[in-house]
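The file model_13.pdb contains PDB, C-alpha atoms:
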```pdb
ATOM      1  CA  MET A  30       0.000   0.000   0.000
ATOM      2  CA  LEU A  31       2.743   2.449   0.990
ATOM      3  CA  LEU A  32       4.700   1.581  -2.156
ATOM      4  CA  GLY A  33       1.650   2.378  -4.305
ATOM      5  CA  VAL A  34       1.214   5.760  -2.607
ATOM      6  CA  LEU A  35       4.917   6.534  -3.062
ATOM      7  CA  LEU A  36       4.772   5.566  -6.742
ATOM      8  CA  MET A  37       1.692   7.718  -7.361
ATOM      9  CA  THR A  38       3.335  10.656  -5.560
ATOM     10  CA  ALA A  39       6.498  10.276  -7.666
ATOM     11  CA  MET A  40       4.412  10.054 -10.848
ATOM     12  CA  ALA A  41       2.457  13.178  -9.926
ATOM     13  CA  GLU A  42       5.702  15.065  -9.342
ATOM     14  CA  ASP A  43       7.102  13.896 -12.697
ATOM     15  CA  ASN A  44       3.860  14.585 -14.546
ATOM     16  CA  PRO A  45       2.083  17.788 -13.509
ATOM     17  CA  ASP A  46      -0.904  16.862 -15.705
ATOM     18  CA  ILE A  47      -1.632  13.547 -14.018
ATOM     19  CA  ASP A  48      -4.831  14.732 -12.293
ATOM     20  CA  LEU A  49      -6.204  16.229 -15.523
ATOM     21  CA  LEU A  50      -5.183  13.129 -17.467
ATOM     22  CA  GLU A  51      -6.895  10.752 -15.074
ATOM     23  CA  ARG A  52     -10.066  12.855 -15.083
ATOM     24  CA  ALA A  53     -10.004  13.117 -18.894
ATOM     25  CA  ARG A  54      -9.502   9.366 -19.134
ATOM     26  CA  ASP A  55     -12.596   8.918 -16.996
ATOM     27  CA  GLY A  56     -14.584  10.976 -19.520
ATOM     28  CA  ASP A  57     -14.381  14.425 -17.901
ATOM     29  CA  ARG A  58     -14.630  16.768 -20.907
ATOM     30  CA  ASP A  59     -13.753  19.813 -18.790
ATOM     31  CA  ALA A  60     -10.432  18.187 -17.885
ATOM     32  CA  PHE A  61      -9.759  17.440 -21.550
ATOM     33  CA  GLY A  62     -10.684  21.052 -22.343
ATOM     34  CA  GLU A  63      -8.035  22.218 -19.884
ATOM     35  CA  LEU A  64      -5.469  19.976 -21.578
ATOM     36  CA  PHE A  65      -6.532  21.397 -24.938
ATOM     37  CA  ARG A  66      -6.082  24.988 -23.743
ATOM     38  CA  LYS A  67      -2.724  24.145 -22.195
ATOM     39  CA  TYR A  68      -1.244  22.429 -25.272
ATOM     40  CA  GLU A  69      -3.146  23.876 -28.236
ATOM     41  CA  LYS A  70      -0.534  26.507 -29.156
ATOM     42  CA  ARG A  71       2.398  24.111 -28.845
ATOM     43  CA  VAL A  72       0.659  21.482 -30.967
ATOM     44  CA  PHE A  73      -0.268  24.140 -33.537
ATOM     45  CA  ARG A  74       3.388  25.283 -33.761
ATOM     46  CA  VAL A  75       4.499  21.724 -34.492
ATOM     47  CA  ALA A  76       1.808  21.317 -37.149
ATOM     48  CA  ARG A  77       2.611  24.745 -38.641
ATOM     49  CA  ARG A  78       6.308  23.985 -38.914
ATOM     50  CA  MET A  79       5.619  20.638 -40.498
ATOM     51  CA  CYS A  80       3.009  21.677 -43.056
ATOM     52  CA  GLY A  81       3.871  25.336 -43.690
ATOM     53  CA  SER A  82       0.324  26.693 -43.715
ATOM     54  CA  ASP A  83      -1.764  28.156 -40.902
ATOM     55  CA  ASP A  84      -4.991  26.709 -42.301
ATOM     56  CA  GLU A  85      -3.551  23.218 -42.660
ATOM     57  CA  ALA A  86      -1.915  23.493 -39.242
ATOM     58  CA  TRP A  87      -5.243  24.372 -37.586
ATOM     59  CA  ASP A  88      -6.896  21.420 -39.330
ATOM     60  CA  ILE A  89      -4.143  19.085 -38.152
ATOM     61  CA  THR A  90      -4.276  20.534 -34.617
ATOM     62  CA  GLN A  91      -8.024  19.991 -34.417
ATOM     63  CA  ASP A  92      -7.731  16.474 -35.839
ATOM     64  CA  ALA A  93      -4.962  15.653 -33.353
ATOM     65  CA  PHE A  94      -7.050  16.708 -30.372
ATOM     66  CA  ILE A  95     -10.132  14.903 -31.701
ATOM     67  CA  ARG A  96      -8.105  11.713 -32.087
ATOM     68  CA  ALA A  97      -6.628  12.169 -28.625
ATOM     69  CA  MET A  98     -10.077  12.662 -27.108
ATOM     70  CA  GLU A  99     -11.395   9.554 -28.878
ATOM     71  CA  ALA A 100      -8.422   7.488 -27.681
ATOM     72  CA  MET A 101      -8.187   8.967 -24.187
ATOM     73  CA  ASP A 102      -9.428   5.759 -22.556
ATOM     74  CA  ARG A 103      -6.330   3.992 -23.945
ATOM     75  CA  PHE A 104      -3.883   6.667 -22.772
ATOM     76  CA  ASP A 105      -1.689   5.748 -19.803
ATOM     77  CA  PRO A 106      -1.574   8.854 -17.573
ATOM     78  CA  ARG A 107       1.851   7.875 -16.258
ATOM     79  CA  TYR A 108       3.255   9.189 -19.519
ATOM     80  CA  ARG A 109       3.494  12.798 -20.624
ATOM     81  CA  PHE A 110       0.526  14.102 -22.568
ATOM     82  CA  PHE A 111       2.607  16.436 -24.767
ATOM     83  CA  THR A 112       4.729  13.549 -26.022
ATOM     84  CA  TRP A 113       1.614  11.642 -27.022
ATOM     85  CA  MET A 114       0.093  14.727 -28.675
ATOM     86  CA  TYR A 115       3.276  15.431 -30.640
ATOM     87  CA  ARG A 116       3.280  11.861 -31.872
ATOM     88  CA  ILE A 117      -0.327  12.156 -33.045
ATOM     89  CA  THR A 118       0.337  15.579 -34.602
ATOM     90  CA  ALA A 119       3.517  14.500 -36.375
ATOM     91  CA  ASN A 120       1.816  11.421 -37.808
ATOM     92  CA  LEU A 121      -1.140  13.476 -39.038
ATOM     93  CA  ALA A 122       1.167  16.089 -40.585
ATOM     94  CA  ILE A 123       3.239  13.413 -42.320
ATOM     95  CA  ASN A 124       0.102  11.734 -43.679
ATOM     96  CA  HIS A 125      -1.277  15.102 -44.770
ATOM     97  CA  ALA A 126       1.955  15.905 -46.637
ATOM     98  CA  ARG A 127       1.910  12.526 -48.379
ATOM     99  CA  LYS A 128      -1.694  13.008 -49.503
ATOM    100  CA  ARG A 129      -0.958  16.506 -50.729
ATOM    101  CA  LYS A 130       2.054  15.257 -52.666
ATOM    102  CA  ARG A 131       0.005  12.506 -54.275
ATOM    103  CA  ARG A 132      -2.736  14.925 -55.315
ATOM    104  CA  SER A 133      -0.340  17.160 -57.157
ATOM    105  CA  GLU A 134       3.370  17.624 -57.355
ATOM    106  CA  VAL A 135       4.207  20.781 -55.515
ATOM    107  CA  HIS A 136       7.131  22.793 -56.741
ATOM    108  CA  PHE A 137       8.172  25.567 -54.444
ATOM    109  CA  GLU A 138       9.017  28.741 -56.307
ATOM    110  CA  GLU A 139      12.170  30.505 -55.303
ATOM    111  CA  SER A 140      11.004  34.019 -54.573
ATOM    112  CA  TYR A 141      13.895  34.931 -52.364
ATOM    113  CA  SER A 142      15.159  38.270 -53.652
ATOM    114  CA  ALA A 143      18.737  37.902 -52.404
ATOM    115  CA  GLU A 144      19.241  34.424 -53.905
ATOM    116  CA  GLY A 145      22.886  33.838 -54.673
ATOM    117  CA  GLN A 146      24.067  36.980 -52.904
ATOM    118  CA  GLN A 147      26.346  37.058 -49.909
ATOM    119  CA  VAL A 148      24.682  38.372 -46.773
ATOM    120  CA  THR A 149      27.059  40.359 -44.598
ATOM    121  CA  ARG A 150      26.928  40.572 -40.816
ATOM    122  CA  ALA A 151      25.817  44.189 -41.116
ATOM    123  CA  GLN A 152      22.906  43.153 -43.316
ATOM    124  CA  LEU A 153      21.963  40.367 -40.910
ATOM    125  CA  SER A 154      21.597  42.871 -38.120
ATOM    126  CA  ASP A 155      19.077  44.674 -40.268
ATOM    127  CA  ARG A 156      15.522  43.530 -39.572
ATOM    128  CA  ALA A 157      14.737  42.919 -43.248
ATOM    129  CA  ALA A 158      17.743  40.633 -43.638
ATOM    130  CA  THR A 159      16.701  38.679 -40.570
ATOM    131  CA  GLU A 160      13.198  38.282 -41.975
ATOM    132  CA  GLN A 161      14.623  37.094 -45.299
ATOM    133  CA  LEU A 162      16.767  34.541 -43.512
ATOM    134  CA  THR A 163      13.732  33.319 -41.568
ATOM    135  CA  GLU A 164      11.755  32.990 -44.795
ATOM    136  CA  ALA A 165      14.628  31.126 -46.453
ATOM    137  CA  VAL A 166      14.808  28.683 -43.542
ATOM    138  CA  GLY A 167      11.032  28.214 -43.790
ATOM    139  CA  ARG A 168      11.315  27.410 -47.495
ATOM    140  CA  ALA A 169      14.166  25.015 -46.788
ATOM    141  CA  LEU A 170      11.990  23.281 -44.174
ATOM    142  CA  GLU A 171       9.159  22.925 -46.690
ATOM    143  CA  LYS A 172      11.507  21.058 -49.027
ATOM    144  CA  LEU A 173      12.394  18.444 -46.408
ATOM    145  CA  SER A 174      10.588  15.125 -46.454
ATOM    146  CA  PRO A 175       7.900  14.880 -43.775
ATOM    147  CA  SER A 176       9.982  12.445 -41.710
ATOM    148  CA  LEU A 177      13.041  14.743 -41.691
ATOM    149  CA  ARG A 178      10.901  17.821 -41.042
ATOM    150  CA  ALA A 179       9.170  16.141 -38.089
ATOM    151  CA  VAL A 180      12.455  15.354 -36.338
ATOM    152  CA  PHE A 181      13.908  18.791 -37.081
ATOM    153  CA  VAL A 182      10.846  20.671 -35.812
ATOM    154  CA  LEU A 183      10.534  18.600 -32.647
ATOM    155  CA  ARG A 184      14.229  19.085 -31.824
ATOM    156  CA  VAL A 185      14.875  22.691 -32.881
ATOM    157  CA  ASP A 186      11.491  24.362 -32.523
ATOM    158  CA  GLN A 187       9.977  22.363 -29.657
ATOM    159  CA  GLN A 188      13.338  21.543 -28.018
ATOM    160  CA  LEU A 189      12.436  17.941 -27.256
ATOM    161  CA  SER A 190      15.224  15.568 -26.261
ATOM    162  CA  TYR A 191      16.308  12.772 -28.596
ATOM    163  CA  SER A 192      14.497  10.238 -26.425
ATOM    164  CA  GLU A 193      11.284  12.316 -26.395
ATOM    165  CA  ILE A 194      11.408  12.588 -30.188
ATOM    166  CA  ALA A 195      12.045   8.858 -30.518
ATOM    167  CA  GLU A 196       9.081   8.138 -28.254
ATOM    168  CA  SER A 197       6.859  10.671 -30.033
ATOM    169  CA  LEU A 198       7.565   9.297 -33.500
ATOM    170  CA  ASP A 199       8.025   5.665 -32.444
ATOM    171  CA  ILE A 200      11.526   5.425 -33.917
ATOM    172  CA  ALA A 201      14.950   4.571 -32.504
ATOM    173  CA  ILE A 202      17.172   7.291 -31.026
ATOM    174  CA  GLY A 203      19.795   6.502 -33.675
ATOM    175  CA  THR A 204      17.184   7.156 -36.353
ATOM    176  CA  VAL A 205      16.353  10.485 -34.701
ATOM    177  CA  MET A 206      20.021  11.478 -34.783
ATOM    178  CA  SER A 207      20.577  10.438 -38.399
ATOM    179  CA  ARG A 208      17.401  12.171 -39.598
ATOM    180  CA  LEU A 209      18.340  15.318 -37.699
ATOM    181  CA  ASN A 210      21.807  15.310 -39.283
ATOM    182  CA  ARG A 211      20.324  14.820 -42.761
ATOM    183  CA  ALA A 212      17.779  17.591 -42.165
ATOM    184  CA  ARG A 213      20.480  20.009 -41.010
ATOM    185  CA  ALA A 214      22.680  19.128 -43.989
ATOM    186  CA  ARG A 215      19.849  19.721 -46.457
ATOM    187  CA  ILE A 216      18.930  23.031 -44.839
ATOM    188  CA  ARG A 217      22.585  24.132 -45.005
ATOM    189  CA  GLU A 218      22.662  23.101 -48.654
ATOM    190  CA  GLU A 219      19.473  25.075 -49.400
ATOM    191  CA  LEU A 220      20.733  28.182 -47.647
ATOM    192  CA  GLY A 221      24.122  27.919 -49.321
ATOM    193  CA  SER A 222      26.143  31.102 -49.244
ATOM    194  CA  MET A 223      23.917  32.739 -46.647
ATOM    195  CA  LEU A 224      25.367  30.442 -44.003
ATOM    196  CA  GLU A 225      28.976  31.234 -44.866
ATOM    197  CA  GLU A 226      28.638  34.483 -42.978
ATOM    198  CA  PHE A 227      27.574  32.635 -39.825
ATOM    199  CA  GLU A 228      30.481  30.204 -39.744
TER     200      GLU A 228
END
```
Kindly present the structure from the file in structure tokens form.
Amino acid sequence: MLLGVLLMTAMAEDNPDIDLLERARDGDRDAFGELFRKYEKRVFRVARRMCGSDDEAWDITQDAFIRAMEAMDRFDPRYRFFTWMYRITANLAINHARKRKRRSEVHFEESYSAEGQQVTRAQLSDRAATEQLTEAVGRALEKLSPSLRAVFVLRVDQQLSYSEIAESLDIAIGTVMSRLNRARARIREELGSMLEEFE
């Protein structure tokens, strides 16, 4: 009995959402609503980074929470809710990207005005140059495969650990590391001469 109480106390300390999760698992929609409000923006950011469009990201975010609500009775509240949500979101975004690619081949136009030009440190300090760099990184992200983009976004944007990413995407840690390295290499390749000024 004492061991069970100690384990539950340790779990509650490790997982601040445990009370909400248990209530949501028992069908309490208010508890699930609190989880939604707590994680909606973070889930949206993951979806946005993976699909590149606000509209698509909102659709994916809503679908992710609907799926989570429908599967809540199978969720083990000892685990972190955000990891589970990121896994659902990443899978939906990857599937969405595959469907979109099948419907029509998407070719991203290069509209970057400074393409092929060196960007100096002085220019980078300028707000416009920083915005251009951000846009260029966004375009480079869009060109990544969904599996590379998912790992990159979860690591760089959401700052998840390798083990959290592996758990979220149901892949090995070594796979996380290799995909992250490939994603970084492709982004460097896309940005080309712009990065020379940073190194």
**OP:** Write out as a ChimeraX atom specification the residues lying within 8 Å of A:Val72, counting all atoms listed in the file and excluding same-chain residues fewer than 3 positions away.
**Re:** /A:68-69,75-76,90,114-115,118
**OP:** May I ask which of the residues A:Arg52, A:Arg107, A:His125, A:Arg211 is the closest one to A:Glu85, counting only C-alpha atoms?
**Re:** A:His125
**OP:** Could you list the residues chosen by the PyMOL selection byres ((chain A and resi 166-175) around 9) in this structure as a ChimeraX atom specification?
**Re:** /A:78-81,119,122-124,126-127,137,139,161-165,176-182,212,215-220
**OP:** Give the answer as one residue: which of A:Phe65, A:Arg109, A:Lys70, A:Asp102 has the shortest atom-to-atom distance to A:Trp87, using only C-alpha atoms?
**Re:** A:Lys70
Original post:
Taking all atoms listed in the file into account, which of A:Asp84, A:Arg71, A:Gly221, A:Ala97 comes nearest A:Leu183?
Top reply: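 Under the stated criterion, the closest residue is A:Arg71.
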Original post:
Could you write out as a PyMOL selection string the residues that the PyMOL selection byres ((chain A and resi 60) around 12) matches in the shown file?
Top reply: chain A and resi 46-59+61-67+98+101
Contacts of A:Arg116 within 9 Å, only C-alpha atoms, excl. fewer than 6 positions in-chain, as an mmCIF file with C-alpha atoms, keeping the file's coordinate frame:
```
data_model
loop_
_atom_site.group_PDB
_atom_site.id
_atom_site.type_symbol
_atom_site.label_atom_id
_atom_site.label_comp_id
_atom_site.auth_asym_id
_atom_site.auth_seq_id
_atom_site.Cartn_x
_atom_site.Cartn_y
_atom_site.Cartn_z
ATOM 1 C CA ILE A 194 11.408 12.588 -30.188
ATOM 2 C CA GLU A 196 9.081 8.138 -28.254
ATOM 3 C CA SER A 197 6.859 10.671 -30.033
ATOM 4 C CA LEU A 198 7.565 9.297 -33.500
ATOM 5 C CA ASP A 199 8.025 5.665 -32.444
#
```
**OP:** Could you tell me how far atom CA of A:Asn120 lies from atom CA of A:Met206, in Å and to one decimal?
**Re:** 18.5 Å
Original post:
By how many Å are atom CA of A:Arg103 and atom CA of A:Glu193 apart?
Top reply: 19.6 Å
Original post:
To one decimal place, how far is atom CA of A:Ile200 from atom CA of A:Pro45 in Å?
Top reply: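 It comes out at 25.7 Å.
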Mind completing stretch 39-65 of chain A with N, CA and C atoms? Output as a PDB file, in the coordinates of the input, please?
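The resulting file, selection_23.pdb, is shown below:
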```pdb
ATOM      1  N   ALA A  39       5.370  10.040  -6.757  1.00  0.00           N
ATOM      2  CA  ALA A  39       6.498  10.276  -7.666  1.00  0.00           C
ATOM      3  C   ALA A  39       5.993  10.560  -9.073  1.00  0.00           C
ATOM      4  N   MET A  40       4.969   9.824  -9.516  1.00  0.00           N
ATOM      5  CA  MET A  40       4.412  10.054 -10.848  1.00  0.00           C
ATOM      6  C   MET A  40       3.801  11.441 -10.945  1.00  0.00           C
ATOM      7  N   ALA A  41       3.092  11.860  -9.912  1.00  0.00           N
ATOM      8  CA  ALA A  41       2.457  13.178  -9.926  1.00  0.00           C
ATOM      9  C   ALA A  41       3.501  14.278  -9.979  1.00  0.00           C
ATOM     10  N   GLU A  42       4.637  14.063  -9.302  1.00  0.00           N
ATOM     11  CA  GLU A  42       5.702  15.065  -9.342  1.00  0.00           C
ATOM     12  C   GLU A  42       6.343  15.118 -10.720  1.00  0.00           C
ATOM     13  N   ASP A  43       6.502  13.952 -11.367  1.00  0.00           N
ATOM     14  CA  ASP A  43       7.102  13.896 -12.697  1.00  0.00           C
ATOM     15  C   ASP A  43       6.145  14.382 -13.776  1.00  0.00           C
ATOM     16  N   ASN A  44       4.855  14.244 -13.542  1.00  0.00           N
ATOM     17  CA  ASN A  44       3.860  14.585 -14.546  1.00  0.00           C
ATOM     18  C   ASN A  44       2.824  15.523 -13.931  1.00  0.00           C
ATOM     19  N   PRO A  45       2.996  16.826 -14.134  1.00  0.00           N
ATOM     20  CA  PRO A  45       2.083  17.788 -13.509  1.00  0.00           C
ATOM     21  C   PRO A  45       0.646  17.687 -14.019  1.00  0.00           C
ATOM     22  N   ASP A  46       0.435  16.985 -15.120  1.00  0.00           N
ATOM     23  CA  ASP A  46      -0.904  16.862 -15.705  1.00  0.00           C
ATOM     24  C   ASP A  46      -1.644  15.613 -15.248  1.00  0.00           C
ATOM     25  N   ILE A  47      -1.066  14.866 -14.323  1.00  0.00           N
ATOM     26  CA  ILE A  47      -1.632  13.547 -14.018  1.00  0.00           C
ATOM     27  C   ILE A  47      -3.087  13.620 -13.563  1.00  0.00           C
ATOM     28  N   ASP A  48      -3.443  14.612 -12.755  1.00  0.00           N
ATOM     29  CA  ASP A  48      -4.831  14.732 -12.293  1.00  0.00           C
ATOM     30  C   ASP A  48      -5.772  14.987 -13.475  1.00  0.00           C
ATOM     31  N   LEU A  49      -5.388  15.940 -14.335  1.00  0.00           N
ATOM     32  CA  LEU A  49      -6.204  16.229 -15.523  1.00  0.00           C
ATOM     33  C   LEU A  49      -6.316  15.002 -16.421  1.00  0.00           C
ATOM     34  N   LEU A  50      -5.197  14.300 -16.592  1.00  0.00           N
ATOM     35  CA  LEU A  50      -5.183  13.129 -17.467  1.00  0.00           C
ATOM     36  C   LEU A  50      -6.097  12.029 -16.947  1.00  0.00           C
ATOM     37  N   GLU A  51      -6.040  11.792 -15.646  1.00  0.00           N
ATOM     38  CA  GLU A  51      -6.895  10.752 -15.074  1.00  0.00           C
ATOM     39  C   GLU A  51      -8.368  11.132 -15.198  1.00  0.00           C
ATOM     40  N   ARG A  52      -8.678  12.401 -14.949  1.00  0.00           N
ATOM     41  CA  ARG A  52     -10.066  12.855 -15.083  1.00  0.00           C
ATOM     42  C   ARG A  52     -10.524  12.763 -16.542  1.00  0.00           C
ATOM     43  N   ALA A  53      -9.658  13.183 -17.467  1.00  0.00           N
ATOM     44  CA  ALA A  53     -10.004  13.117 -18.894  1.00  0.00           C
ATOM     45  C   ALA A  53     -10.208  11.672 -19.327  1.00  0.00           C
ATOM     46  N   ARG A  54      -9.368  10.788 -18.814  1.00  0.00           N
ATOM     47  CA  ARG A  54      -9.502   9.366 -19.134  1.00  0.00           C
ATOM     48  C   ARG A  54     -10.822   8.796 -18.649  1.00  0.00           C
ATOM     49  N   ASP A  55     -11.312   9.357 -17.557  1.00  0.00           N
ATOM     50  CA  ASP A  55     -12.596   8.918 -16.996  1.00  0.00           C
ATOM     51  C   ASP A  55     -13.780   9.591 -17.680  1.00  0.00           C
ATOM     52  N   GLY A  56     -13.509  10.370 -18.743  1.00  0.00           N
ATOM     53  CA  GLY A  56     -14.584  10.976 -19.520  1.00  0.00           C
ATOM     54  C   GLY A  56     -14.921  12.408 -19.152  1.00  0.00           C
ATOM     55  N   ASP A  57     -14.131  13.037 -18.307  1.00  0.00           N
ATOM     56  CA  ASP A  57     -14.381  14.425 -17.901  1.00  0.00           C
ATOM     57  C   ASP A  57     -13.952  15.361 -19.035  1.00  0.00           C
ATOM     58  N   ARG A  58     -14.927  15.899 -19.758  1.00  0.00           N
ATOM     59  CA  ARG A  58     -14.630  16.768 -20.907  1.00  0.00           C
ATOM     60  C   ARG A  58     -14.025  18.100 -20.477  1.00  0.00           C
ATOM     61  N   ASP A  59     -14.358  18.572 -19.285  1.00  0.00           N
ATOM     62  CA  ASP A  59     -13.753  19.813 -18.790  1.00  0.00           C
ATOM     63  C   ASP A  59     -12.249  19.632 -18.594  1.00  0.00           C
ATOM     64  N   ALA A  60     -11.859  18.472 -18.077  1.00  0.00           N
ATOM     65  CA  ALA A  60     -10.432  18.187 -17.885  1.00  0.00           C
ATOM     66  C   ALA A  60      -9.727  18.135 -19.238  1.00  0.00           C
ATOM     67  N   PHE A  61     -10.368  17.485 -20.219  1.00  0.00           N
ATOM     68  CA  PHE A  61      -9.759  17.440 -21.550  1.00  0.00           C
ATOM     69  C   PHE A  61      -9.683  18.843 -22.140  1.00  0.00           C
ATOM     70  N   GLY A  62     -10.701  19.659 -21.886  1.00  0.00           N
ATOM     71  CA  GLY A  62     -10.684  21.052 -22.343  1.00  0.00           C
ATOM     72  C   GLY A  62      -9.515  21.825 -21.762  1.00  0.00           C
ATOM     73  N   GLU A  63      -9.200  21.564 -20.498  1.00  0.00           N
ATOM     74  CA  GLU A  63      -8.035  22.218 -19.884  1.00  0.00           C
ATOM     75  C   GLU A  63      -6.749  21.768 -20.564  1.00  0.00           C
ATOM     76  N   LEU A  64      -6.648  20.479 -20.866  1.00  0.00           N
ATOM     77  CA  LEU A  64      -5.469  19.976 -21.578  1.00  0.00           C
ATOM     78  C   LEU A  64      -5.368  20.622 -22.957  1.00  0.00           C
ATOM     79  N   PHE A  65      -6.505  20.754 -23.626  1.00  0.00           N
ATOM     80  CA  PHE A  65      -6.532  21.397 -24.938  1.00  0.00           C
ATOM     81  C   PHE A  65      -5.998  22.825 -24.840  1.00  0.00           C
TER      82      PHE A  65
END
```
